Amino acid sequence: MDFLADIWNFLKERKKWWLLPMILVLLLIGTLVVLAGSSAIAPFIYTLF
């Protein structure tokens, strides 16, 4: 959680709000990759791409 607080403080202090959507998209893609590789719902995720 300290890492997330550091990122939030960086965005807030340096007014880099344009980075927030990029970070969220990368987190979403990373979550999809983890789910696609190690779960029973992998075939359903593969159909999205």
# chains A, B, ... in the order shown; residues from 1 in each chain; ligands from 1
call {"tool": "residues_around", "arguments": {"residues": "Ile7 in chain A", "least_positions_apart": "5", "cutoff": "12 Å", "atoms": "only C-alpha atoms", "output": "MDAnalysis selection string"}}
result
chainID A and resid 1:2 12:17 19:20 23
call {"tool": "select_by_dssp", "arguments": {"residues": "chain A", "states": "alpha helix (DSSP H)", "output": "PyMOL selection string"}}
result
chain A and resi 2-14+19-37+42-46
call {"tool": "closest_residue", "arguments": {"among": "A:Leu48, A:Ile41, A:Leu4, A:Leu11", "to": "Ile29 in chain A", "atoms": "only C-alpha atoms"}}
result
A:Leu48
call {"tool": "atom_distance", "arguments": {"atom1": "CA of Thr47 in chain A", "atom2": "CA of Val34 in chain A"}}
result
15.5 Å
call {"tool": "atom_distance", "arguments": {"atom1": "CA of Gly30 in chain A", "atom2": "CA of Phe3 in chain A"}}
result
16.8 Å
